[in-house]
Amino acid sequence: MGPLVFMIEKKKYIFYQQPGNLASSVTCGTYAIQGCCVFDMDKPQKDDRADQKTANSRTNSGKQPVTACLLNTAFFSALGSSFLYGYNLSVVNAPALFIKNFYNKTWMERYGEPVGAETATLLWSMTVSIFAIGGLMGTLSVSLIINVLGRRGTLMLNNSFAVIAALLLSLGEKAKSFEMLIAGRLIIGVDSGIALSVLPMYLGEISPRYIRGFIGQFNAILICLGVFTGQVLGLPELLGQESRWNYLFSFLALPALLQLCVLSFLPESPRFLLIQRRDEAGAERAFQRFLGKEDVSQELEEVRGEAQAQGSLDSISVLQLMRTPAVRWQLITIIITMACYQLCGLNTIWYYTNGILREAGFAENILPYITLSTGAIETLAAIMSGLVIERIGRKPLLIFGFSAMAFFFSLLTVFLNLQNSVSWMPYLSYMCILAVIASFCSGPGGIPFILTGELFQQSYHPAAFMIAGTVNWLSNFAVGLLFPFIQETLESFAFLVFVGVCTLGSLYLYVVLPETKNKTFADISQSFAKINKIPAAFPSHEMELALCIKPKTNDKFQNVKIESSF
């Protein structure tokens, strides 16, 4: 149904229906209004952009310092979540040869003959790829768990998966069971799938909007730190030996147990408590701890306003989200951004790194130390991105990251084709690899997770993160499956495929994505109103919720003249 125009005591009001809205009564002019949007057309309207600028100015001038509670929550919730995801991306590289030998030895003891080449390849492929399958399973289970246990409770439960996986992976050798290793990789994949959906949601909901990007980047920073830690612990002098490789997997339990201990004393998401649990006292206490101040009435009022605007306080299902016109382009944006996150080609970089270093003349025994530079660059770039994201914004960092990756992938293609003819070309190729990694971590490595929480209001979060996570893990699986064929067909020109992906992703984000820095969830939704072909929300100072119109002075309804215009 289109907008309606009402005549109330010779004044025009415009009405836009909000289905399912059951908000409590509020006032508009001389009338108590409920359940629909009413906008006084006779009153001169202010420029929304000027209002937003003024609001941002007031917010910036009243910024509170970042509290220890908020920083501790961000760090420890990421330590037992995204850190473990990053760690598991790199930890299997160092002991790969030892694990394959263990598989062969176990097979010999069971069946009295060496494992066949095809069987050995299948077992190792399962060990590596089942991690992504577990990630998809974890993502699909999030909406079932999170509505019961909440954000913090789900993260705490998720630690049990990490501990179980650590036991299976570290004891598999002693039990002479390669099935335990495969099962452990599946379970740690489930842990990562849950973590990458719940952690960004939790961080986005506990953060004031003026540092929401900074706090959200803890997810990306700890992923990179996890990758780097896996590389360091896998060095031959540490745990990268045949007698110690199982301790690399025992380490998984430490961050999980630390998170479990610390999160027990930290608050739940105040937005979850207020909107979905309707626990106003609990939400107030959580806001007070996270913000470090007693008066949190403004924050509570903002969340109440969002709850009223949403109407239904129940979480939206995936099917409902996909059928909702008001969030259609938000959903498309998240799907494209998350697909580009995996399909941009970063994971394929590792295929060429050691070969390029060998061509440069580096000895085989020092390659693990040189490749540490990739993990260090990842971590430093992610930290720098976290420090500047609230100044530069999400959109510029994303576009810059994907565009820079396309540029350096193009250069890398040129350098790889000249590598055999120019002696110093491998050094330039390796510099391009480092530049690609830095470009990825400057924006695309973490911001897609932040955007998933910012582009949707509270009731859409579980479904939105489920869709984003599904795209993430399926794209991850697709790259692992298809890249060997792409590389075999195109050889050194294989990276041109990723040049195309990064370029198209940059163009889409430039055209469609609005800047979300320092905006409320309602403001961000309004930014998509035009492209979604939904009438933009009316200025907040003129908009209230309405179901009926009645005088403020008594409970009797007053007859009004109504003119309808479709």
# chains A, B, ... in the order shown; residues from 1 in each chain; ligands from 1
call {"tool": "residues_around", "arguments": {"residues": "Gly445 of chain A", "least_positions_apart": "4", "cutoff": "12 Å", "atoms": "only C-alpha atoms", "output": "PDB file with N, CA, C and O atoms, in the first residue's frame"}}
result
ATOM      1  N   GLY A  86      42.219 -17.826  12.511  1.00  0.00           N
ATOM      2  CA  GLY A  86      43.474 -17.499  11.833  1.00  0.00           C
ATOM      3  C   GLY A  86      44.555 -18.526  12.103  1.00  0.00           C
ATOM      4  O   GLY A  86      45.304 -18.928  11.193  1.00  0.00           O
ATOM      5  N   GLY A 216      35.280  -3.236  15.913  1.00  0.00           N
ATOM      6  CA  GLY A 216      35.015  -4.334  14.984  1.00  0.00           C
ATOM      7  C   GLY A 216      36.271  -4.885  14.341  1.00  0.00           C
ATOM      8  O   GLY A 216      36.320  -6.070  13.984  1.00  0.00           O
ATOM      9  N   GLN A 217      37.301  -4.050  14.188  1.00  0.00           N
ATOM     10  CA  GLN A 217      38.539  -4.511  13.551  1.00  0.00           C
ATOM     11  C   GLN A 217      39.359  -5.435  14.450  1.00  0.00           C
ATOM     12  O   GLN A 217      40.328  -6.048  13.983  1.00  0.00           O
ATOM     13  N   PHE A 218      38.975  -5.569  15.722  1.00  0.00           N
ATOM     14  CA  PHE A 218      39.635  -6.570  16.565  1.00  0.00           C
ATOM     15  C   PHE A 218      39.470  -7.957  15.945  1.00  0.00           C
ATOM     16  O   PHE A 218      40.337  -8.816  16.097  1.00  0.00           O
ATOM     17  N   ASN A 219      38.350  -8.183  15.273  1.00  0.00           N
ATOM     18  CA  ASN A 219      38.126  -9.453  14.586  1.00  0.00           C
ATOM     19  C   ASN A 219      39.227  -9.712  13.565  1.00  0.00           C
ATOM     20  O   ASN A 219      39.870 -10.776  13.571  1.00  0.00           O
ATOM     21  N   ALA A 220      39.488  -8.748  12.680  1.00  0.00           N
ATOM     22  CA  ALA A 220      40.507  -8.923  11.633  1.00  0.00           C
ATOM     23  C   ALA A 220      41.914  -8.970  12.224  1.00  0.00           C
ATOM     24  O   ALA A 220      42.764  -9.760  11.785  1.00  0.00           O
ATOM     25  N   ILE A 221      42.184  -8.115  13.207  1.00  0.00           N
ATOM     26  CA  ILE A 221      43.531  -8.072  13.811  1.00  0.00           C
ATOM     27  C   ILE A 221      43.882  -9.414  14.441  1.00  0.00           C
ATOM     28  O   ILE A 221      44.994  -9.940  14.262  1.00  0.00           O
ATOM     29  N   LEU A 222      42.914 -10.006  15.161  1.00  0.00           N
ATOM     30  CA  LEU A 222      43.202 -11.285  15.817  1.00  0.00           C
ATOM     31  C   LEU A 222      43.258 -12.442  14.813  1.00  0.00           C
ATOM     32  O   LEU A 222      43.976 -13.425  15.059  1.00  0.00           O
ATOM     33  N   ILE A 223      42.542 -12.345  13.696  1.00  0.00           N
ATOM     34  CA  ILE A 223      42.713 -13.365  12.639  1.00  0.00           C
ATOM     35  C   ILE A 223      44.155 -13.346  12.141  1.00  0.00           C
ATOM     36  O   ILE A 223      44.815 -14.388  12.037  1.00  0.00           O
ATOM     37  N   CYS A 224      44.651 -12.151  11.830  1.00  0.00           N
ATOM     38  CA  CYS A 224      46.026 -12.018  11.325  1.00  0.00           C
ATOM     39  C   CYS A 224      47.041 -12.440  12.370  1.00  0.00           C
ATOM     40  O   CYS A 224      48.049 -13.100  12.052  1.00  0.00           O
ATOM     41  N   THR A 337      30.121  -8.478  -1.221  1.00  0.00           N
ATOM     42  CA  THR A 337      31.325  -8.134  -0.455  1.00  0.00           C
ATOM     43  C   THR A 337      31.959  -9.364   0.165  1.00  0.00           C
ATOM     44  O   THR A 337      33.188  -9.539   0.131  1.00  0.00           O
ATOM     45  N   MET A 338      31.123 -10.245   0.728  1.00  0.00           N
ATOM     46  CA  MET A 338      31.676 -11.445   1.357  1.00  0.00           C
ATOM     47  C   MET A 338      32.223 -12.418   0.320  1.00  0.00           C
ATOM     48  O   MET A 338      33.226 -13.106   0.574  1.00  0.00           O
ATOM     49  N   ALA A 339      31.591 -12.479  -0.853  1.00  0.00           N
ATOM     50  CA  ALA A 339      32.141 -13.326  -1.918  1.00  0.00           C
ATOM     51  C   ALA A 339      33.496 -12.795  -2.380  1.00  0.00           C
ATOM     52  O   ALA A 339      34.447 -13.568  -2.579  1.00  0.00           O
ATOM     53  N   CYS A 340      33.597 -11.477  -2.535  1.00  0.00           N
ATOM     54  CA  CYS A 340      34.885 -10.874  -2.929  1.00  0.00           C
ATOM     55  C   CYS A 340      35.950 -11.092  -1.869  1.00  0.00           C
ATOM     56  O   CYS A 340      37.139 -11.225  -2.182  1.00  0.00           O
ATOM     57  N   TYR A 341      35.541 -11.138  -0.598  1.00  0.00           N
ATOM     58  CA  TYR A 341      36.483 -11.389   0.508  1.00  0.00           C
ATOM     59  C   TYR A 341      37.234 -12.698   0.291  1.00  0.00           C
ATOM     60  O   TYR A 341      38.444 -12.788   0.569  1.00  0.00           O
ATOM     61  N   GLN A 342      36.541 -13.726  -0.203  1.00  0.00           N
ATOM     62  CA  GLN A 342      37.188 -15.016  -0.432  1.00  0.00           C
ATOM     63  C   GLN A 342      37.718 -15.173  -1.859  1.00  0.00           C
ATOM     64  O   GLN A 342      38.744 -15.799  -2.083  1.00  0.00           O
ATOM     65  N   LEU A 343      36.993 -14.597  -2.833  1.00  0.00           N
ATOM     66  CA  LEU A 343      37.353 -14.817  -4.244  1.00  0.00           C
ATOM     67  C   LEU A 343      38.391 -13.824  -4.753  1.00  0.00           C
ATOM     68  O   LEU A 343      38.743 -13.860  -5.938  1.00  0.00           O
ATOM     69  N   CYS A 344      38.872 -12.920  -3.894  1.00  0.00           N
ATOM     70  CA  CYS A 344      39.840 -11.909  -4.340  1.00  0.00           C
ATOM     71  C   CYS A 344      41.227 -12.493  -4.573  1.00  0.00           C
ATOM     72  O   CYS A 344      42.106 -11.819  -5.113  1.00  0.00           O
ATOM     73  N   GLY A 345      41.464 -13.742  -4.140  1.00  0.00           N
ATOM     74  CA  GLY A 345      42.708 -14.418  -4.489  1.00  0.00           C
ATOM     75  C   GLY A 345      43.779 -14.450  -3.422  1.00  0.00           C
ATOM     76  O   GLY A 345      44.869 -14.975  -3.663  1.00  0.00           O
ATOM     77  N   LEU A 346      43.488 -13.936  -2.219  1.00  0.00           N
ATOM     78  CA  LEU A 346      44.540 -13.911  -1.205  1.00  0.00           C
ATOM     79  C   LEU A 346      45.003 -15.320  -0.844  1.00  0.00           C
ATOM     80  O   LEU A 346      46.207 -15.569  -0.693  1.00  0.00           O
ATOM     81  N   ASN A 347      44.045 -16.245  -0.687  1.00  0.00           N
ATOM     82  CA  ASN A 347      44.422 -17.603  -0.274  1.00  0.00           C
ATOM     83  C   ASN A 347      45.319 -18.291  -1.295  1.00  0.00           C
ATOM     84  O   ASN A 347      46.084 -19.198  -0.950  1.00  0.00           O
ATOM     85  N   GLU A 378      50.561  -8.862   7.422  1.00  0.00           N
ATOM     86  CA  GLU A 378      49.120  -8.999   7.653  1.00  0.00           C
ATOM     87  C   GLU A 378      48.704  -8.310   8.947  1.00  0.00           C
ATOM     88  O   GLU A 378      47.746  -7.527   8.985  1.00  0.00           O
ATOM     89  N   THR A 379      49.414  -8.621  10.017  1.00  0.00           N
ATOM     90  CA  THR A 379      49.047  -8.099  11.332  1.00  0.00           C
ATOM     91  C   THR A 379      49.203  -6.586  11.391  1.00  0.00           C
ATOM     92  O   THR A 379      48.318  -5.871  11.896  1.00  0.00           O
ATOM     93  N   ALA A 381      49.175  -4.395   8.901  1.00  0.00           N
ATOM     94  CA  ALA A 381      48.180  -3.736   8.059  1.00  0.00           C
ATOM     95  C   ALA A 381      46.813  -3.724   8.725  1.00  0.00           C
ATOM     96  O   ALA A 381      46.074  -2.727   8.646  1.00  0.00           O
ATOM     97  N   ALA A 382      46.443  -4.817   9.384  1.00  0.00           N
ATOM     98  CA  ALA A 382      45.153  -4.871  10.078  1.00  0.00           C
ATOM     99  C   ALA A 382      45.107  -3.875  11.236  1.00  0.00           C
ATOM    100  O   ALA A 382      44.084  -3.216  11.466  1.00  0.00           O
ATOM    101  N   ILE A 383      46.218  -3.757  11.976  1.00  0.00           N
ATOM    102  CA  ILE A 383      46.270  -2.791  13.081  1.00  0.00           C
ATOM    103  C   ILE A 383      46.146  -1.366  12.553  1.00  0.00           C
ATOM    104  O   ILE A 383      45.393  -0.543  13.100  1.00  0.00           O
ATOM    105  N   SER A 385      44.713  -0.410   9.824  1.00  0.00           N
ATOM    106  CA  SER A 385      43.331  -0.220   9.375  1.00  0.00           C
ATOM    107  C   SER A 385      42.417   0.085  10.553  1.00  0.00           C
ATOM    108  O   SER A 385      41.548   0.960  10.472  1.00  0.00           O
ATOM    109  N   GLY A 386      42.606  -0.633  11.660  1.00  0.00           N
ATOM    110  CA  GLY A 386      41.797  -0.372  12.850  1.00  0.00           C
ATOM    111  C   GLY A 386      41.996   1.021  13.411  1.00  0.00           C
ATOM    112  O   GLY A 386      41.058   1.630  13.938  1.00  0.00           O
ATOM    113  N   ARG A 394      34.581   3.219   6.128  1.00  0.00           N
ATOM    114  CA  ARG A 394      34.600   1.846   5.629  1.00  0.00           C
ATOM    115  C   ARG A 394      34.717   1.806   4.114  1.00  0.00           C
ATOM    116  O   ARG A 394      35.508   1.041   3.552  1.00  0.00           O
ATOM    117  N   LEU A 397      38.219   2.529   2.503  1.00  0.00           N
ATOM    118  CA  LEU A 397      39.182   1.469   2.786  1.00  0.00           C
ATOM    119  C   LEU A 397      38.892   0.216   1.970  1.00  0.00           C
ATOM    120  O   LEU A 397      39.820  -0.447   1.474  1.00  0.00           O
ATOM    121  N   LEU A 398      37.605  -0.121   1.824  1.00  0.00           N
ATOM    122  CA  LEU A 398      37.252  -1.280   1.008  1.00  0.00           C
ATOM    123  C   LEU A 398      37.639  -1.077  -0.451  1.00  0.00           C
ATOM    124  O   LEU A 398      38.253  -1.951  -1.081  1.00  0.00           O
ATOM    125  N   GLY A 401      41.395  -1.082  -0.857  1.00  0.00           N
ATOM    126  CA  GLY A 401      41.974  -2.418  -0.698  1.00  0.00           C
ATOM    127  C   GLY A 401      41.797  -3.278  -1.929  1.00  0.00           C
ATOM    128  O   GLY A 401      42.760  -3.876  -2.431  1.00  0.00           O
ATOM    129  N   PHE A 402      40.568  -3.341  -2.441  1.00  0.00           N
ATOM    130  CA  PHE A 402      40.321  -4.172  -3.629  1.00  0.00           C
ATOM    131  C   PHE A 402      41.027  -3.606  -4.864  1.00  0.00           C
ATOM    132  O   PHE A 402      41.562  -4.356  -5.688  1.00  0.00           O
ATOM    133  N   MET A 405      44.719  -4.372  -4.617  1.00  0.00           N
ATOM    134  CA  MET A 405      44.961  -5.791  -4.903  1.00  0.00           C
ATOM    135  C   MET A 405      44.947  -6.048  -6.414  1.00  0.00           C
ATOM    136  O   MET A 405      45.796  -6.785  -6.939  1.00  0.00           O
ATOM    137  N   VAL A 436      50.076  -7.216  -1.938  1.00  0.00           N
ATOM    138  CA  VAL A 436      48.725  -7.772  -2.038  1.00  0.00           C
ATOM    139  C   VAL A 436      48.178  -8.086  -0.649  1.00  0.00           C
ATOM    140  O   VAL A 436      47.019  -7.779  -0.322  1.00  0.00           O
ATOM    141  N   ILE A 437      49.010  -8.692   0.183  1.00  0.00           N
ATOM    142  CA  ILE A 437      48.586  -9.046   1.541  1.00  0.00           C
ATOM    143  C   ILE A 437      48.239  -7.786   2.343  1.00  0.00           C
ATOM    144  O   ILE A 437      47.203  -7.724   3.027  1.00  0.00           O
ATOM    145  N   ALA A 438      49.091  -6.765   2.260  1.00  0.00           N
ATOM    146  CA  ALA A 438      48.848  -5.512   2.986  1.00  0.00           C
ATOM    147  C   ALA A 438      47.574  -4.835   2.481  1.00  0.00           C
ATOM    148  O   ALA A 438      46.785  -4.293   3.277  1.00  0.00           O
ATOM    149  N   SER A 439      47.354  -4.867   1.169  1.00  0.00           N
ATOM    150  CA  SER A 439      46.146  -4.254   0.601  1.00  0.00           C
ATOM    151  C   SER A 439      44.894  -4.951   1.104  1.00  0.00           C
ATOM    152  O   SER A 439      43.899  -4.305   1.449  1.00  0.00           O
ATOM    153  N   PHE A 440      44.948  -6.269   1.161  1.00  0.00           N
ATOM    154  CA  PHE A 440      43.797  -7.033   1.645  1.00  0.00           C
ATOM    155  C   PHE A 440      43.481  -6.699   3.098  1.00  0.00           C
ATOM    156  O   PHE A 440      42.325  -6.449   3.451  1.00  0.00           O
ATOM    157  N   CYS A 441      44.505  -6.679   3.933  1.00  0.00           N
ATOM    158  CA  CYS A 441      44.278  -6.446   5.362  1.00  0.00           C
ATOM    159  C   CYS A 441      43.967  -4.996   5.686  1.00  0.00           C
ATOM    160  O   CYS A 441      43.496  -4.695   6.784  1.00  0.00           O
ATOM    161  N   PHE A 449      32.886  -8.059   7.645  1.00  0.00           N
ATOM    162  CA  PHE A 449      32.217  -8.539   8.859  1.00  0.00           C
ATOM    163  C   PHE A 449      31.564  -7.376   9.616  1.00  0.00           C
ATOM    164  O   PHE A 449      30.480  -7.523  10.187  1.00  0.00           O
ATOM    165  N   ILE A 450      32.230  -6.221   9.614  1.00  0.00           N
ATOM    166  CA  ILE A 450      31.656  -5.040  10.270  1.00  0.00           C
ATOM    167  C   ILE A 450      30.395  -4.598   9.542  1.00  0.00           C
ATOM    168  O   ILE A 450      29.365  -4.291  10.168  1.00  0.00           O
ATOM    169  N   LEU A 451      30.453  -4.572   8.209  1.00  0.00           N
ATOM    170  CA  LEU A 451      29.302  -4.135   7.417  1.00  0.00           C
ATOM    171  C   LEU A 451      28.089  -5.033   7.631  1.00  0.00           C
ATOM    172  O   LEU A 451      26.951  -4.551   7.658  1.00  0.00           O
TER     173      LEU A 451
END
call {"tool": "residues_around", "arguments": {"residues": "segment 522-526 of chain A", "least_positions_apart": "3", "cutoff": "8 Å", "atoms": "only C-alpha atoms", "output": "PDB file with N, CA, C and O atoms, in the first residue's frame"}}
result
ATOM      1  N   GLU A 306      14.839   2.159  17.975  1.00  0.00           N
ATOM      2  CA  GLU A 306      15.038   1.136  16.947  1.00  0.00           C
ATOM      3  C   GLU A 306      14.055  -0.014  17.134  1.00  0.00           C
ATOM      4  O   GLU A 306      13.493  -0.536  16.164  1.00  0.00           O
ATOM      5  N   VAL A 327      15.334  -4.339   2.679  1.00  0.00           N
ATOM      6  CA  VAL A 327      16.746  -4.662   2.917  1.00  0.00           C
ATOM      7  C   VAL A 327      17.348  -5.424   1.737  1.00  0.00           C
ATOM      8  O   VAL A 327      18.392  -6.064   1.874  1.00  0.00           O
ATOM      9  N   GLU A 454      26.374  -3.694  10.467  1.00  0.00           N
ATOM     10  CA  GLU A 454      25.928  -2.306  10.367  1.00  0.00           C
ATOM     11  C   GLU A 454      24.767  -2.117   9.404  1.00  0.00           C
ATOM     12  O   GLU A 454      23.952  -1.208   9.585  1.00  0.00           O
ATOM     13  N   LEU A 455      24.681  -2.914   8.364  1.00  0.00           N
ATOM     14  CA  LEU A 455      23.669  -2.694   7.323  1.00  0.00           C
ATOM     15  C   LEU A 455      22.290  -3.215   7.706  1.00  0.00           C
ATOM     16  O   LEU A 455      21.319  -2.964   6.994  1.00  0.00           O
ATOM     17  N   PHE A 456      22.204  -3.943   8.820  1.00  0.00           N
ATOM     18  CA  PHE A 456      20.926  -4.522   9.228  1.00  0.00           C
ATOM     19  C   PHE A 456      20.623  -4.150  10.678  1.00  0.00           C
ATOM     20  O   PHE A 456      21.523  -4.064  11.516  1.00  0.00           O
ATOM     21  N   GLN A 457      19.342  -3.959  10.951  1.00  0.00           N
ATOM     22  CA  GLN A 457      18.928  -3.684  12.317  1.00  0.00           C
ATOM     23  C   GLN A 457      18.866  -4.981  13.110  1.00  0.00           C
ATOM     24  O   GLN A 457      19.031  -6.075  12.579  1.00  0.00           O
ATOM     25  N   PRO A 514      26.794   3.019   0.732  1.00  0.00           N
ATOM     26  CA  PRO A 514      26.928   4.313   1.397  1.00  0.00           C
ATOM     27  C   PRO A 514      27.948   4.207   2.532  1.00  0.00           C
ATOM     28  O   PRO A 514      28.256   3.104   2.989  1.00  0.00           O
ATOM     29  N   THR A 516      29.039   4.201   6.226  1.00  0.00           N
ATOM     30  CA  THR A 516      28.323   3.862   7.460  1.00  0.00           C
ATOM     31  C   THR A 516      29.009   4.404   8.705  1.00  0.00           C
ATOM     32  O   THR A 516      28.515   4.191   9.814  1.00  0.00           O
ATOM     33  N   LYS A 519      27.218   6.356  11.966  1.00  0.00           N
ATOM     34  CA  LYS A 519      25.775   6.439  11.744  1.00  0.00           C
ATOM     35  C   LYS A 519      25.053   5.409  12.595  1.00  0.00           C
ATOM     36  O   LYS A 519      25.580   4.333  12.881  1.00  0.00           O
ATOM     37  N   ALA A 529      17.147   3.524   1.304  1.00  0.00           N
ATOM     38  CA  ALA A 529      15.721   3.618   0.989  1.00  0.00           C
ATOM     39  C   ALA A 529      15.481   3.867  -0.494  1.00  0.00           C
ATOM     40  O   ALA A 529      14.597   3.265  -1.102  1.00  0.00           O
ATOM     41  N   ALA A 536      11.759   6.936   1.947  1.00  0.00           N
ATOM     42  CA  ALA A 536      12.719   7.156   3.029  1.00  0.00           C
ATOM     43  C   ALA A 536      11.982   7.480   4.310  1.00  0.00           C
ATOM     44  O   ALA A 536      10.906   8.046   4.317  1.00  0.00           O
ATOM     45  N   ALA A 537      12.582   7.081   5.414  1.00  0.00           N
ATOM     46  CA  ALA A 537      12.007   7.403   6.715  1.00  0.00           C
ATOM     47  C   ALA A 537      11.919   8.905   6.874  1.00  0.00           C
ATOM     48  O   ALA A 537      12.762   9.646   6.395  1.00  0.00           O
TER      49      ALA A 537
END
call {"tool": "residues_around", "arguments": {"residues": "Leu248 of chain A", "least_positions_apart": "6", "cutoff": "9 Å", "atoms": "only C-alpha atoms", "output": "short mmCIF file (atom, residue, chain, number, x, y, z; two decimals) with N, CA, C and O atoms, in the first residue's frame"}}
result
data_model
loop_
_atom_site.label_atom_id
_atom_site.label_comp_id
_atom_site.auth_asym_id
_atom_site.auth_seq_id
_atom_site.Cartn_x
_atom_site.Cartn_y
_atom_site.Cartn_z
N VAL A 91 48.27 -23.35 10.78
CA VAL A 91 48.95 -24.30 11.65
C VAL A 91 49.23 -25.64 10.97
O VAL A 91 50.17 -26.35 11.34
N VAL A 92 48.44 -26.01 9.95
CA VAL A 92 48.67 -27.32 9.32
C VAL A 92 49.81 -27.30 8.31
O VAL A 92 50.24 -28.37 7.84
N PRO A 95 53.47 -28.86 9.98
CA PRO A 95 53.57 -30.31 10.23
C PRO A 95 52.96 -31.16 9.13
O PRO A 95 52.72 -32.35 9.35
N SER A 170 45.32 -33.42 19.16
CA SER A 170 46.60 -33.65 19.85
C SER A 170 46.77 -35.10 20.29
O SER A 170 47.91 -35.57 20.46
N GLY A 230 50.57 -19.12 14.29
CA GLY A 230 50.72 -20.45 13.73
C GLY A 230 52.02 -20.61 12.96
O GLY A 230 52.67 -21.66 13.03
N LEU A 233 54.96 -20.66 15.80
CA LEU A 233 55.03 -21.90 16.56
C LEU A 233 55.40 -23.09 15.68
O LEU A 233 55.91 -24.10 16.18
N GLY A 234 55.17 -22.97 14.37
CA GLY A 234 55.52 -24.05 13.46
C GLY A 234 56.98 -24.07 13.04
O GLY A 234 57.38 -24.94 12.26
N LEU A 239 57.76 -25.88 17.67
CA LEU A 239 56.93 -27.08 17.65
C LEU A 239 56.87 -27.74 16.27
O LEU A 239 56.16 -28.73 16.11
N GLY A 240 57.61 -27.22 15.31
CA GLY A 240 57.60 -27.78 13.96
C GLY A 240 58.54 -28.95 13.80
O GLY A 240 59.32 -29.00 12.84
#
call {"tool": "closest_atom_pairs", "arguments": {"of": "segment 378-415 of chain A", "to": "segment 486-499 of chain A", "cutoff": "12 Å", "atoms": "only C-alpha atoms", "output": "Markdown table"}}
result
| residue | atom | partner | partner_atom | distance |
| --- | --- | --- | --- | --- |
| A:Phe402 | CA | A:Val499 | CA | 8.9 |
| A:Ser403 | CA | A:Val499 | CA | 8.7 |
| A:Ala404 | CA | A:Val499 | CA | 9.7 |
| A:Met405 | CA | A:Val499 | CA | 7.4 |
| A:Ala406 | CA | A:Val499 | CA | 4.4 |
| A:Phe407 | CA | A:Val499 | CA | 7.4 |
| A:Phe408 | CA | A:Val499 | CA | 8.7 |
| A:Phe409 | CA | A:Phe495 | CA | 6.0 |
| A:Ser410 | CA | A:Leu496 | CA | 6.7 |
| A:Leu411 | CA | A:Phe495 | CA | 9.8 |
| A:Leu412 | CA | A:Phe495 | CA | 8.0 |
| A:Thr413 | CA | A:Phe493 | CA | 5.9 |
| A:Val414 | CA | A:Phe493 | CA | 8.6 |
| A:Phe415 | CA | A:Ser492 | CA | 9.4 |
call {"tool": "write_last_selection", "arguments": {"atoms": "N, CA, C and O atoms", "output": "compact mmCIF listing (two decimals), in the first residue's frame"}}
result
# COMPACT_ATOMS: atom_id res chain seq x y z
N PHE A 402 40.57 -3.34 -2.44
CA PHE A 402 40.32 -4.17 -3.63
C PHE A 402 41.03 -3.61 -4.86
O PHE A 402 41.56 -4.36 -5.69
N SER A 403 41.04 -2.28 -5.00
CA SER A 403 41.70 -1.67 -6.16
C SER A 403 43.21 -1.91 -6.11
O SER A 403 43.83 -2.22 -7.14
N ALA A 404 43.80 -1.76 -4.93
CA ALA A 404 45.24 -1.99 -4.79
C ALA A 404 45.58 -3.46 -5.06
O ALA A 404 46.61 -3.77 -5.67
N MET A 405 44.72 -4.37 -4.62
CA MET A 405 44.96 -5.79 -4.90
C MET A 405 44.95 -6.05 -6.41
O MET A 405 45.80 -6.78 -6.94
N ALA A 406 43.97 -5.44 -7.12
CA ALA A 406 43.92 -5.61 -8.57
C ALA A 406 45.20 -5.09 -9.23
O ALA A 406 45.75 -5.72 -10.14
N PHE A 407 45.70 -3.94 -8.76
CA PHE A 407 46.92 -3.35 -9.32
C PHE A 407 48.13 -4.26 -9.09
O PHE A 407 48.90 -4.55 -10.02
N PHE A 408 48.30 -4.72 -7.85
CA PHE A 408 49.49 -5.53 -7.54
C PHE A 408 49.39 -6.94 -8.12
O PHE A 408 50.41 -7.55 -8.44
N PHE A 409 48.17 -7.48 -8.26
CA PHE A 409 48.03 -8.75 -8.97
C PHE A 409 48.44 -8.60 -10.43
O PHE A 409 49.05 -9.51 -11.02
N SER A 410 48.11 -7.47 -11.04
CA SER A 410 48.52 -7.21 -12.42
C SER A 410 50.03 -7.15 -12.54
O SER A 410 50.63 -7.75 -13.45
N LEU A 411 50.67 -6.42 -11.60
CA LEU A 411 52.14 -6.36 -11.60
C LEU A 411 52.75 -7.73 -11.37
O LEU A 411 53.74 -8.11 -12.02
N LEU A 412 52.16 -8.50 -10.45
CA LEU A 412 52.69 -9.83 -10.16
C LEU A 412 52.64 -10.72 -11.39
O LEU A 412 53.57 -11.51 -11.65
N THR A 413 51.57 -10.59 -12.18
CA THR A 413 51.46 -11.38 -13.41
C THR A 413 52.60 -11.04 -14.37
O THR A 413 53.22 -11.93 -14.97
N VAL A 414 52.91 -9.74 -14.50
CA VAL A 414 54.01 -9.32 -15.36
C VAL A 414 55.33 -9.86 -14.84
O VAL A 414 56.15 -10.43 -15.60
N PHE A 415 55.58 -9.73 -13.54
CA PHE A 415 56.86 -10.14 -12.95
C PHE A 415 57.04 -11.66 -13.04
O PHE A 415 58.16 -12.14 -13.26
call {"tool": "residues_around", "arguments": {"residues": "Ala165 of chain A", "least_positions_apart": "6", "cutoff": "7 Å", "atoms": "only C-alpha atoms", "output": "PyMOL selection string"}}
result
chain A and resi 184-185+187-188
call {"tool": "closest_residue", "arguments": {"among": "A:Ala363, A:Leu418, A:Leu507, A:Val163", "to": "Leu260 of chain A", "atoms": "only C-alpha atoms"}}
result
A:Val163
call {"tool": "atom_distance", "arguments": {"atom1": "atom CA of Gly500 of chain A", "atom2": "atom CA of Ile336 of chain A"}}
result
13.6 Å
